[in-house]
Each structure stands twice: as structure tokens, then as C-alpha cells.
>>> print(open('upload_0.txt').read())   # compact mmCIF, N, CA and C atoms
# COMPACT_ATOMS: atom_id res chain seq x y z
N GLU A 241 -55.73 40.88 38.13
CA GLU A 241 -54.70 41.81 37.77
C GLU A 241 -53.43 41.48 38.53
N THR A 242 -52.33 41.77 37.93
CA THR A 242 -51.04 41.56 38.56
C THR A 242 -50.18 42.79 38.29
N GLY A 243 -49.04 42.78 38.91
CA GLY A 243 -48.03 43.77 38.56
C GLY A 243 -46.99 43.05 37.73
N ARG A 244 -45.75 43.34 38.01
CA ARG A 244 -44.67 42.65 37.31
C ARG A 244 -44.65 41.18 37.69
N PHE A 245 -45.04 40.89 38.93
CA PHE A 245 -45.05 39.52 39.43
C PHE A 245 -46.49 39.13 39.76
N CYS A 246 -46.69 37.98 40.39
CA CYS A 246 -48.06 37.49 40.64
C CYS A 246 -48.92 38.48 41.42
N HIS A 247 -48.33 39.09 42.44
CA HIS A 247 -49.08 40.03 43.28
C HIS A 247 -48.26 41.28 43.51
N GLY A 248 -48.18 42.11 42.51
CA GLY A 248 -47.45 43.37 42.65
C GLY A 248 -46.14 43.37 41.89
N ASP A 249 -45.29 44.28 42.30
CA ASP A 249 -44.03 44.47 41.60
C ASP A 249 -42.82 43.91 42.34
N THR A 250 -43.09 43.11 43.36
CA THR A 250 -42.03 42.46 44.13
C THR A 250 -42.30 40.96 44.13
N PRO A 251 -41.30 40.13 43.89
CA PRO A 251 -41.53 38.68 43.93
C PRO A 251 -41.99 38.23 45.31
N GLY A 252 -42.85 37.23 45.32
CA GLY A 252 -43.35 36.71 46.58
C GLY A 252 -43.55 35.20 46.50
N LEU A 253 -44.26 34.68 47.48
CA LEU A 253 -44.47 33.23 47.59
C LEU A 253 -45.17 32.66 46.35
N ALA A 254 -46.13 33.38 45.82
CA ALA A 254 -46.83 32.89 44.62
C ALA A 254 -45.86 32.71 43.46
N ASP A 255 -44.91 33.62 43.33
CA ASP A 255 -43.92 33.51 42.25
C ASP A 255 -42.98 32.34 42.50
N ILE A 256 -42.63 32.14 43.76
CA ILE A 256 -41.77 31.01 44.13
C ILE A 256 -42.45 29.69 43.76
N CYS A 257 -43.76 29.63 43.88
CA CYS A 257 -44.51 28.43 43.51
C CYS A 257 -44.72 28.33 42.00
N LEU A 258 -44.88 29.46 41.34
CA LEU A 258 -45.15 29.47 39.90
C LEU A 258 -43.95 29.02 39.07
N VAL A 259 -42.77 29.50 39.42
CA VAL A 259 -41.58 29.24 38.60
C VAL A 259 -41.31 27.75 38.38
N PRO A 260 -41.28 26.90 39.42
CA PRO A 260 -41.02 25.49 39.14
C PRO A 260 -42.11 24.81 38.31
N GLN A 261 -43.35 25.28 38.46
CA GLN A 261 -44.44 24.69 37.67
C GLN A 261 -44.24 25.00 36.18
N VAL A 262 -43.88 26.23 35.88
CA VAL A 262 -43.65 26.61 34.48
C VAL A 262 -42.39 25.91 33.96
N PHE A 263 -41.36 25.86 34.79
CA PHE A 263 -40.13 25.18 34.37
C PHE A 263 -40.43 23.75 33.96
N ASN A 264 -41.20 23.03 34.77
CA ASN A 264 -41.53 21.64 34.45
C ASN A 264 -42.48 21.54 33.26
N ALA A 265 -43.39 22.47 33.13
CA ALA A 265 -44.28 22.47 31.96
C ALA A 265 -43.46 22.60 30.68
N GLN A 266 -42.46 23.48 30.71
CA GLN A 266 -41.58 23.63 29.55
C GLN A 266 -40.75 22.37 29.33
N ARG A 267 -40.29 21.80 30.41
CA ARG A 267 -39.48 20.58 30.32
C ARG A 267 -40.23 19.45 29.62
N PHE A 268 -41.54 19.37 29.86
CA PHE A 268 -42.37 18.32 29.27
C PHE A 268 -43.13 18.81 28.04
N ASP A 269 -42.66 19.92 27.46
CA ASP A 269 -43.21 20.47 26.21
C ASP A 269 -44.71 20.75 26.26
N CYS A 270 -45.19 21.24 27.39
CA CYS A 270 -46.59 21.65 27.50
C CYS A 270 -46.77 23.00 26.81
N ASP A 271 -47.86 23.15 26.13
CA ASP A 271 -48.16 24.40 25.43
C ASP A 271 -48.69 25.42 26.42
N LEU A 272 -47.93 26.47 26.65
CA LEU A 272 -48.34 27.50 27.59
C LEU A 272 -48.85 28.76 26.89
N THR A 273 -49.01 28.69 25.58
CA THR A 273 -49.49 29.88 24.85
C THR A 273 -50.87 30.36 25.31
N PRO A 274 -51.75 29.48 25.84
CA PRO A 274 -53.02 30.00 26.34
C PRO A 274 -52.87 30.81 27.64
N TYR A 275 -51.65 30.86 28.18
CA TYR A 275 -51.43 31.51 29.47
C TYR A 275 -50.36 32.60 29.36
N PRO A 276 -50.63 33.66 28.61
CA PRO A 276 -49.61 34.69 28.39
C PRO A 276 -49.20 35.41 29.68
N THR A 277 -50.11 35.58 30.61
CA THR A 277 -49.75 36.25 31.87
C THR A 277 -48.79 35.39 32.67
N VAL A 278 -49.04 34.10 32.71
CA VAL A 278 -48.14 33.18 33.41
C VAL A 278 -46.76 33.22 32.76
N GLN A 279 -46.72 33.21 31.46
CA GLN A 279 -45.43 33.26 30.76
C GLN A 279 -44.70 34.57 31.03
N ARG A 280 -45.43 35.67 31.03
CA ARG A 280 -44.81 36.97 31.29
C ARG A 280 -44.23 37.03 32.70
N ILE A 281 -45.01 36.56 33.67
CA ILE A 281 -44.54 36.57 35.06
C ILE A 281 -43.32 35.67 35.20
N TYR A 282 -43.35 34.50 34.61
CA TYR A 282 -42.21 33.59 34.65
C TYR A 282 -40.97 34.26 34.07
N ASN A 283 -41.12 34.90 32.91
CA ASN A 283 -39.99 35.57 32.27
C ASN A 283 -39.44 36.69 33.16
N ASP A 284 -40.34 37.43 33.80
CA ASP A 284 -39.88 38.48 34.72
C ASP A 284 -39.17 37.88 35.93
N CYS A 285 -39.69 36.78 36.43
CA CYS A 285 -39.03 36.11 37.56
C CYS A 285 -37.61 35.68 37.19
N MET A 286 -37.45 35.18 35.98
CA MET A 286 -36.15 34.67 35.59
C MET A 286 -35.12 35.78 35.37
N THR A 287 -35.54 37.05 35.40
CA THR A 287 -34.58 38.15 35.35
C THR A 287 -34.05 38.48 36.74
N VAL A 288 -34.67 37.90 37.77
CA VAL A 288 -34.21 38.09 39.15
C VAL A 288 -33.11 37.06 39.41
N GLU A 289 -31.97 37.52 39.90
CA GLU A 289 -30.82 36.65 40.06
C GLU A 289 -31.12 35.42 40.92
N ALA A 290 -31.86 35.57 41.98
CA ALA A 290 -32.17 34.44 42.86
C ALA A 290 -32.93 33.34 42.12
N PHE A 291 -33.90 33.72 41.30
CA PHE A 291 -34.64 32.74 40.52
C PHE A 291 -33.72 32.09 39.49
N ASP A 292 -32.93 32.90 38.82
CA ASP A 292 -32.04 32.37 37.79
C ASP A 292 -31.05 31.37 38.39
N LEU A 293 -30.47 31.70 39.52
CA LEU A 293 -29.48 30.81 40.13
C LEU A 293 -30.10 29.54 40.71
N ALA A 294 -31.41 29.55 40.94
CA ALA A 294 -32.08 28.38 41.51
C ALA A 294 -32.50 27.36 40.45
N GLN A 295 -32.27 27.65 39.18
CA GLN A 295 -32.63 26.70 38.12
C GLN A 295 -31.93 25.36 38.36
N PRO A 296 -32.61 24.27 38.10
CA PRO A 296 -31.98 22.96 38.28
C PRO A 296 -30.67 22.82 37.50
N SER A 297 -30.60 23.38 36.32
CA SER A 297 -29.39 23.24 35.51
C SER A 297 -28.19 23.98 36.09
N LYS A 298 -28.42 24.87 37.04
CA LYS A 298 -27.33 25.64 37.64
C LYS A 298 -26.93 25.12 39.02
N GLN A 299 -27.47 23.96 39.40
CA GLN A 299 -27.11 23.39 40.69
C GLN A 299 -25.86 22.54 40.56
N PRO A 300 -25.07 22.42 41.64
CA PRO A 300 -23.80 21.70 41.58
C PRO A 300 -23.93 20.26 41.07
N GLU A 301 -25.01 19.59 41.42
CA GLU A 301 -25.16 18.19 41.02
C GLU A 301 -25.80 18.01 39.65
N ALA A 302 -26.09 19.09 38.95
CA ALA A 302 -26.79 19.02 37.66
C ALA A 302 -26.03 18.18 36.64
N ALA A 303 -24.74 18.28 36.61
CA ALA A 303 -23.96 17.50 35.64
C ALA A 303 -24.06 16.01 35.91
N GLU A 304 -24.18 15.63 37.18
CA GLU A 304 -24.28 14.22 37.53
C GLU A 304 -25.63 13.63 37.13
N ILE A 305 -26.67 14.43 37.16
CA ILE A 305 -28.03 13.95 36.90
C ILE A 305 -28.29 13.84 35.41
N SER A 306 -27.79 14.78 34.61
CA SER A 306 -28.10 14.78 33.19
C SER A 306 -27.21 13.84 32.46
>>> encode(input="upload_0.txt", output="C-alpha cells")
Amino acid sequence: ETGRFCHGDTPGLADICLVPQVFNAQRFDCDLTPYPTVQRIYNDCMTVEAFDLAQPSKQPEAAEIS
């Protein structure tokens, strides 16, 4: 069981580890439909400003890499 995030209703270390894994799974077109809880938690994490701002595409050097 979870709350809004991996362990309760406040983001924690597990969420910090989960987000980049899901981000990369999406980047490489992995099918995550068998994992609805993981997808839900990821989506909730991405509503938190700190997670959103940490996306690779929002980093200063992102334009140089892509």
C-alpha cells in the first residue's frame, strides 16, 4: 500500500529514486502499463515543483546535449 507517494503522502527517498527510473523507461519506450501504481506515483511526483524542475530537459545544459 502507498499513499500519494511511495511511502505516504509526502515525497521521500523512494520517490527520488523512482522518478529517474520511470523517466528513462519512458525515454526508451518501455511499456509501463503493467505498473499502474508506479505510473500514478510518478505522475504525482511530477506535480511537485522540485521534481518538475529537476527534469533533464529543464537543466541549463539541456539545449547543448539534445
>>> closest_residue(input="upload_0.txt", among="A:Asp255, A:Thr242, A:His247, A:Ala303", to="Cys285 of chain A", atoms="all atoms listed in the file")
A:Asp255
>>> residues_around(input="upload_0.txt", residues="segment 262-278 of chain A", least_positions_apart="3", cutoff="12 Å", atoms="only C-alpha atoms", output="PyMOL selection string")
chain A and resi 241-246+254-259+281-286+291-292+294-297
>>> atom_distance(input="upload_0.txt", atom1="atom N of Gln299 of chain A", atom2="atom CA of Gln261 of chain A")
17.1 Å
>>> select_by_dssp(input="upload_0.txt", residues="chain A", states="helix (DSSP H, G or I)", output="count of residues only")
37
>>> atom_distance(input="upload_0.txt", atom1="atom CA of Lys298 of chain A", atom2="atom C of Asp249 of chain A")
24.4 Å
>>> decode(input="upload_0.txt", residues="segment 292-305 of chain A", atoms="all heavy atoms", output="compact mmCIF listing (two decimals), in the first residue's frame")
# COMPACT_ATOMS: atom_id res chain seq x y z
N ASP A 292 9.57 18.52 -10.93
CA ASP A 292 9.39 19.08 -12.27
C ASP A 292 10.63 19.84 -12.72
O ASP A 292 11.10 19.67 -13.84
CB ASP A 292 8.16 19.98 -12.29
CG ASP A 292 7.90 20.58 -13.66
OD1 ASP A 292 7.80 19.81 -14.63
OD2 ASP A 292 7.82 21.81 -13.75
N LEU A 293 11.18 20.66 -11.85
CA LEU A 293 12.34 21.47 -12.22
C LEU A 293 13.61 20.63 -12.39
O LEU A 293 14.57 21.08 -13.01
CB LEU A 293 12.57 22.57 -11.18
CG LEU A 293 11.50 23.64 -11.13
CD1 LEU A 293 11.76 24.61 -9.98
CD2 LEU A 293 11.39 24.38 -12.45
N ALA A 294 13.62 19.42 -11.84
CA ALA A 294 14.80 18.56 -11.92
C ALA A 294 14.84 17.73 -13.21
O ALA A 294 15.83 17.02 -13.46
CB ALA A 294 14.86 17.62 -10.72
N GLN A 295 13.81 17.83 -14.04
CA GLN A 295 13.79 17.07 -15.29
C GLN A 295 15.02 17.41 -16.13
O GLN A 295 15.42 18.57 -16.20
CB GLN A 295 12.58 17.44 -16.14
CG GLN A 295 11.26 17.12 -15.58
CD GLN A 295 10.19 17.46 -16.59
OE1 GLN A 295 10.21 16.95 -17.69
NE2 GLN A 295 9.26 18.31 -16.19
N PRO A 296 15.61 16.44 -16.78
CA PRO A 296 16.77 16.73 -17.63
C PRO A 296 16.50 17.81 -18.67
O PRO A 296 17.36 18.64 -18.94
CB PRO A 296 17.06 15.39 -18.30
CG PRO A 296 16.54 14.37 -17.36
CD PRO A 296 15.32 15.00 -16.74
N SER A 297 15.31 17.84 -19.23
CA SER A 297 15.01 18.83 -20.27
C SER A 297 14.95 20.26 -19.73
O SER A 297 15.01 21.21 -20.51
CB SER A 297 13.68 18.49 -20.95
OG SER A 297 12.62 18.57 -20.01
N LYS A 298 14.89 20.42 -18.43
CA LYS A 298 14.81 21.76 -17.83
C LYS A 298 16.15 22.21 -17.24
O LYS A 298 16.20 23.24 -16.57
CB LYS A 298 13.71 21.79 -16.77
CG LYS A 298 12.33 21.61 -17.39
CD LYS A 298 11.24 21.91 -16.43
CE LYS A 298 9.89 21.81 -17.15
NZ LYS A 298 8.79 22.10 -16.25
N GLN A 299 17.21 21.46 -17.50
CA GLN A 299 18.51 21.84 -17.00
C GLN A 299 19.19 22.79 -17.97
O GLN A 299 18.95 22.73 -19.18
CB GLN A 299 19.38 20.59 -16.77
CG GLN A 299 18.75 19.62 -15.79
CD GLN A 299 18.31 20.29 -14.51
OE1 GLN A 299 19.10 20.93 -13.82
NE2 GLN A 299 17.03 20.16 -14.18
N PRO A 300 20.06 23.68 -17.47
CA PRO A 300 20.70 24.69 -18.32
C PRO A 300 21.43 24.11 -19.54
O PRO A 300 21.41 24.70 -20.61
CB PRO A 300 21.67 25.40 -17.39
CG PRO A 300 21.16 25.15 -16.03
CD PRO A 300 20.45 23.81 -16.08
N GLU A 301 22.05 22.96 -19.38
CA GLU A 301 22.83 22.38 -20.47
C GLU A 301 22.00 21.51 -21.41
O GLU A 301 22.52 20.93 -22.37
CB GLU A 301 24.01 21.57 -19.92
CG GLU A 301 23.62 20.35 -19.14
CD GLU A 301 23.29 20.59 -17.67
OE1 GLU A 301 23.27 21.74 -17.21
OE2 GLU A 301 23.03 19.61 -16.97
N ALA A 302 20.70 21.41 -21.18
CA ALA A 302 19.84 20.53 -21.98
C ALA A 302 19.88 20.87 -23.46
O ALA A 302 19.92 19.97 -24.30
CB ALA A 302 18.41 20.59 -21.48
N ALA A 303 19.92 22.11 -23.81
CA ALA A 303 19.95 22.50 -25.23
C ALA A 303 21.23 22.06 -25.90
O ALA A 303 21.23 21.69 -27.07
CB ALA A 303 19.79 24.01 -25.35
N GLU A 304 22.34 22.04 -25.15
CA GLU A 304 23.61 21.63 -25.72
C GLU A 304 23.66 20.12 -25.98
O GLU A 304 24.31 19.67 -26.92
CB GLU A 304 24.74 21.97 -24.75
CG GLU A 304 24.88 23.46 -24.48
CD GLU A 304 25.82 23.75 -23.33
OE1 GLU A 304 26.59 22.85 -22.94
OE2 GLU A 304 25.79 24.87 -22.82
N ILE A 305 22.97 19.35 -25.17
CA ILE A 305 23.02 17.89 -25.26
C ILE A 305 22.10 17.38 -26.36
O ILE A 305 22.42 16.43 -27.06
CB ILE A 305 22.67 17.26 -23.90
CG1 ILE A 305 23.74 17.64 -22.88
CG2 ILE A 305 22.54 15.75 -24.01
CD1 ILE A 305 23.42 17.27 -21.47
